[in-house]
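Enquirer: So that we are looking at the same thing, I have put the structure below in structure tokens.
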Amino acid sequence: MTTVIRTRGLQKHFGRTVALDGLDLAVEPGEIHGFLGPNGAGKTTTLRILLGLARASAGEAVLFGSDPWTDAADLHRRLAYVPGDVSLWPNFTGGEAIDLLSRLRGGTSDTAVYRRRRERLVDVFQLDPRKKGRSYSKGNRQKVALVAAFATPAELYLLDEPTSGLDPLMEQVFNSEIARVVAEGSTVLLSSHILSEVEALCDRVSIIRAGRTVESGTLAQLRHLTRTEVGFVHEPGREAAIEALDGTHDLVMDNGRVRFTVDSDRVAGILPELARLEVRGLTIAPPSLEELFLRHYGDELTPVEEEAPA
Amino acid sequence: MTRLAVLLWQRIRRDRLQLALWLAGTGLLAWAAVTAVFDTFGEERDRKEILAVAVATRTILVFRGTPNGVDDGAFTFFLLFAWLALMGGLMSAFLAVRHTRMDEEQGRAELVAATPAGRILPTTATVMHGVLANLGLGLVIALAWMGAGLDPAGSLVAGAAIAVTGAAFLAFGLFAAQMFRTSRGANGISVAFVLAAYLLRGIGDAAGTPSEDLLHVTPAWPSWLSPIGYGQFTGAFVENDLTPLLVPLGFAFAVIAVVFGLQSVRDQGASLLPGGSGRATAGPVLSSSFGLAWRLNTSILLSWTAGAVAAGLLATSLSSILGQVADSAPALLETLRRFIGDDASIEQAFVAMFYGFVGVIAACCAVQVGIRARQEEAHGTAEIVLATPAPRVRWLLEYWIVGVIVIVVVLGAAGLAGVLGATVAASPDTLIPNVVQAAAAQLPACLVFLGLTLLVFAMLPRATIPLGWTLIGVAAILGIFGPILQLPEWMTNLSPFTHTPVPSGDDTDWSGAAWMLGVGVVAGIAATAAMNRRELASGG
């Protein structure tokens, strides 16, 4: 199987504003790919280029081996899209919008099967399909788009911050639907700035910032690049030995309590040392995506910011 | 007070360009009309003749006003007041809805209502803004007429009449915004109210009692139901009586009081006519992007068709009256011929004039179909449709097809209504083919506007709505007022409506139609070609 999505050096300019500045992205079949970045990083622009709704200024974007701009309609038979800010027709009900979009996607040819799928989704997402588009809240509009997306099977799901506006209960429903479609062999590209969501769902992530990819890989690979936080209480008089520990950073000693970080691949190396020091209340926290995120958007990355065009 | 000032200033800033253009355009029209009156009807004899024709035929009165003598001012007031009041009414109605229901619908009003400004103060600011706009319009018209050399006192009375009728329409617009859940619904009913007010006074004038010299008319009771009618009762430049304005002024005060009452008891975002719950599944029409385009345009089609049917019925039923008058007064016939051209018979010219209005209606409807496409794009719903296997070129092409259907339906309905009216007329056998031809003759100009609007949409998407309306507005003014204002030929020739054929039996010149058909089709093809190369332009 070939790569589902591949972009190389993707650029997009709006007048003098640079939205994408050499974005590389590769999404393999069957994976849930997290597309992480803060607001304005270029996530939505990338998705719109992948949908053929916008055209790249430079670089290459390939979807299922074809150009999304020229082959948009054919590619759209194979994918489902949920926009970040769902707009519905104010005078159509949610049910009408779901049916319309499903019919446009060609998912209603087997009426009975479609009916069943739709009914189940409306039920699990607790959506009232009789309300008019204008009277739905943001979360409910999101649900309408999600039901429409999941009611017709697709090879690829392009989801732009799909859970913003959903309550935690609905997020669980969403997660299980994602698990279902991936089990059926689909591929998912999930843009988000919510780290816990990506951490819970995704196999691989690409982190983008100011229109370019700054990190890409499996979560394990990315954690490799981070530091693990270690904390414990020590016996008096061991300060010098602790300070002498190899490979520690950000050491804080406060009245017998110690905290420091250590490169994640050296954690095993310091454990014998800690045993020798007879520390108590030892905690070792694995690096969170949060930390990864901060590392990429925090001060450490200033050089990239300088490279980015103003 | 400062909060109110902030809200008021925000409204003025938001509308500055729109209102400035509207005021300047109306002022220019008022000024140009006086110049034309001096040029075309410089002699008192000419004015007497045309007034006599108008009073005798009645039809002209529907589109003009109440004849009130041949003085410069009175004659100008007769020619133009109802039109100016109509424009002021549309300005006020759109203004009222724009700052109330539209803001509420889009959630902006909620942001403001959550500040200490609350729910009532924004409405107060909108009322003040609307009143200021109408005072401005009245002043501009009064100054234009004074500047053109009309009597200052009469000009001021006319200006006051414009401002007060506008305030009545402002009040109705605000009321409609309370009643309807959507700005589209509120705008629709407000425009219908303004047009009804215009037509009621037209009927009142046409059905009025003429004086013996055929230079004055006392309007019939329908005028008493119309704010524009009360504006005419001032008899500006002759009686200069402001007391009739108390009625529309009282109406405005009463309705605005009701509006504040409603505003203070209802929920933010709610309306007095509830939406209710709808169907859980989509009907068969919503099965394709074409079905969607059709569904989105049916309400537009229905309202414009109603207008076209009314115009069609009026055309044939009034032209039969015309026949009787022409028989009894051959001298009038000669004058009338000078007014409407040589090629066609009187009856044909009248039918052509009415169907010219039908053509403008159908073209407006076509423009609105193009604007609907833009609204879908700006609102974001085009994005979710175009993310399905619907290609963007086909999507635009479907709007074009819907536009063509809409034009054909509007013209067909008007033609059918005309034929129905003609069956009871004196000579249906000549009238009916004339009506059918006149209705068909409007098709090319409408196709031009459909094509142009879609071309603008494909090439300058963000300009679709203002440019679409401006194009048809300018073309309609050049086409309808151009000959009366004696504008140079190259200017009136810019308007597609000028090139619409006037059916006159076998001699009808259809070359203009062929040209416009070509332009319309080329514009449509260019639009789809441009659509193939453009991205989706959401927002703004």
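Here's how to read the names in the structure tokens: chain A, B, ... by the order shown, residue numbers from 1 in each chain, ligand numbers from 1 in the order shown.
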I'd like the neighbourhood of Leu386 of chain B as a list in words, where a residue qualifies if any of its atoms comes within 9 Å (using only C-alpha atoms), though same-chain residues fewer than 2 positions away should be ignored.

Expert: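 So the residues in contact are Leu51, Gly52, Leu53, Ala72, Ala73 and His76 of chain A; Thr381, Ala382, Glu383, Ile384, Thr388, Pro389, Ala390, Pro391, Arg392 and Trp395 of chain B.
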
Enquirer: When DSSP works through the backbone of this structure, what residues of segment 134-170 of chain A end up as strand (DSSP E or B), shown as a PyMOL selection string?

Expert: chain A and resi 156-160

Enquirer: Write the residues of the selection above to a file with N, CA and C atoms, as a tab-separated table (two decimals), in the first residue's frame.

Expert:
```tsv
chain	number	residue	atom	x	y	z
A	156	LEU	N	-10.33	7.54	3.98
A	156	LEU	CA	-9.56	8.54	4.71
A	156	LEU	C	-10.51	9.51	5.39
A	157	TYR	N	-10.23	9.80	6.66
A	157	TYR	CA	-11.02	10.80	7.39
A	157	TYR	C	-10.12	12.00	7.66
A	158	LEU	N	-10.52	13.15	7.16
A	158	LEU	CA	-9.78	14.38	7.45
A	158	LEU	C	-10.60	15.15	8.49
A	159	LEU	N	-10.06	15.24	9.70
A	159	LEU	CA	-10.84	15.81	10.79
A	159	LEU	C	-10.11	17.02	11.35
A	160	ASP	N	-10.75	18.18	11.27
A	160	ASP	CA	-10.12	19.42	11.72
A	160	ASP	C	-10.65	19.77	13.11
```

Enquirer: Pull out every residue of chain B that has at least one atom within 7 Å of chain A, counting only C-alpha atoms, and report them as a list in words.

Expert: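 So the contacting residues turn out to be Ser277, Gly278, Arg279, Ala280, Thr281, Ala282, Leu286, Ser287, Ser288, His379, Gly380, Thr381, Val385, Ala387, Thr388, Pro389, Ala390, Pro391, Glu535 and Leu536 of chain B.
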
Enquirer: Please list as a PyMOL selection string every residue within 8 Å of Gly418 of chain B, counting only C-alpha atoms and excluding residues in the same chain fewer than 2 positions away.

Expert: chain B and resi 309+312-316+414-416+420-422+432+435

Enquirer: As an exercise, work out the distance from atom CA of Arg462 of chain B to atom CA of Arg533 of chain B in Å and give it to one decimal place.

Expert: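 Separating atom CA of Arg462 of chain B from atom CA of Arg533 of chain B is a distance of 16.1 Å.
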
Enquirer: What lies within 8 Å of segment 61-66 of chain A using only C-alpha atoms, ignoring chain neighbours under 6 positions off, as a PyMOL selection string?

Expert: chain A and resi 2-8+10+49-50+75

Enquirer: Excluding same-chain residues fewer than 3 positions from segment 399-411 of chain B, what lies within 8 Å of it counting only C-alpha atoms, as a ChimeraX atom specification?

Expert: /B:290,293-294,297,301,304-305,308-309,358-359,362-363,365-366,369-370,373,395-396,414-415,439-440,442-443,446-447,450-451,454,524

Enquirer: Keeping C-alpha atoms for every residue in the selection just given, could you write it to a file as a CSV table (one decimal), in the first residue's frame?

Expert:
```
chain,number,residue,atom,x,y,z
B,290,PHE,CA,-28.4,20.6,-8.0
B,293,ALA,CA,-29.1,24.8,-5.3
B,294,TRP,CA,-32.8,24.6,-6.3
B,297,ASN,CA,-33.5,29.4,-4.3
B,301,LEU,CA,-38.3,32.5,-6.8
B,304,TRP,CA,-40.2,37.6,-7.1
B,305,THR,CA,-42.8,35.5,-9.1
B,308,ALA,CA,-44.0,39.5,-11.7
B,309,VAL,CA,-47.6,38.1,-11.8
B,358,VAL,CA,-41.1,42.5,-15.2
B,359,GLY,CA,-37.7,42.2,-16.9
B,362,ALA,CA,-36.6,38.7,-13.3
B,363,ALA,CA,-33.1,40.1,-13.6
B,365,CYS,CA,-34.1,37.4,-9.2
B,366,ALA,CA,-31.3,36.1,-11.3
B,369,VAL,CA,-29.4,33.4,-7.4
B,370,GLY,CA,-25.7,34.4,-8.0
B,373,ALA,CA,-23.9,31.0,-4.4
B,395,TRP,CA,-21.5,23.3,-8.6
B,396,LEU,CA,-21.4,26.7,-10.3
B,414,ALA,CA,-45.8,37.2,-15.8
B,415,GLY,CA,-46.6,36.3,-19.4
B,439,ALA,CA,-42.3,38.6,-21.9
B,440,ALA,CA,-40.0,36.6,-24.0
B,442,GLN,CA,-36.9,40.2,-21.4
B,443,LEU,CA,-35.0,36.8,-21.3
B,446,CYS,CA,-31.9,38.7,-17.6
B,447,LEU,CA,-29.3,36.2,-18.9
B,450,LEU,CA,-27.2,36.1,-14.4
B,451,GLY,CA,-23.9,35.6,-16.3
B,454,LEU,CA,-21.7,34.6,-11.7
B,524,GLY,CA,-21.7,32.2,-18.1
```

Enquirer: Just want the 6 Å neighbourhood of Ile207 of chain A, counted on only C-alpha atoms, with same-chain residues fewer than 6 positions away dropped. Output as an MDAnalysis selection string.

Expert: chainID A and resid 36:37 213:215
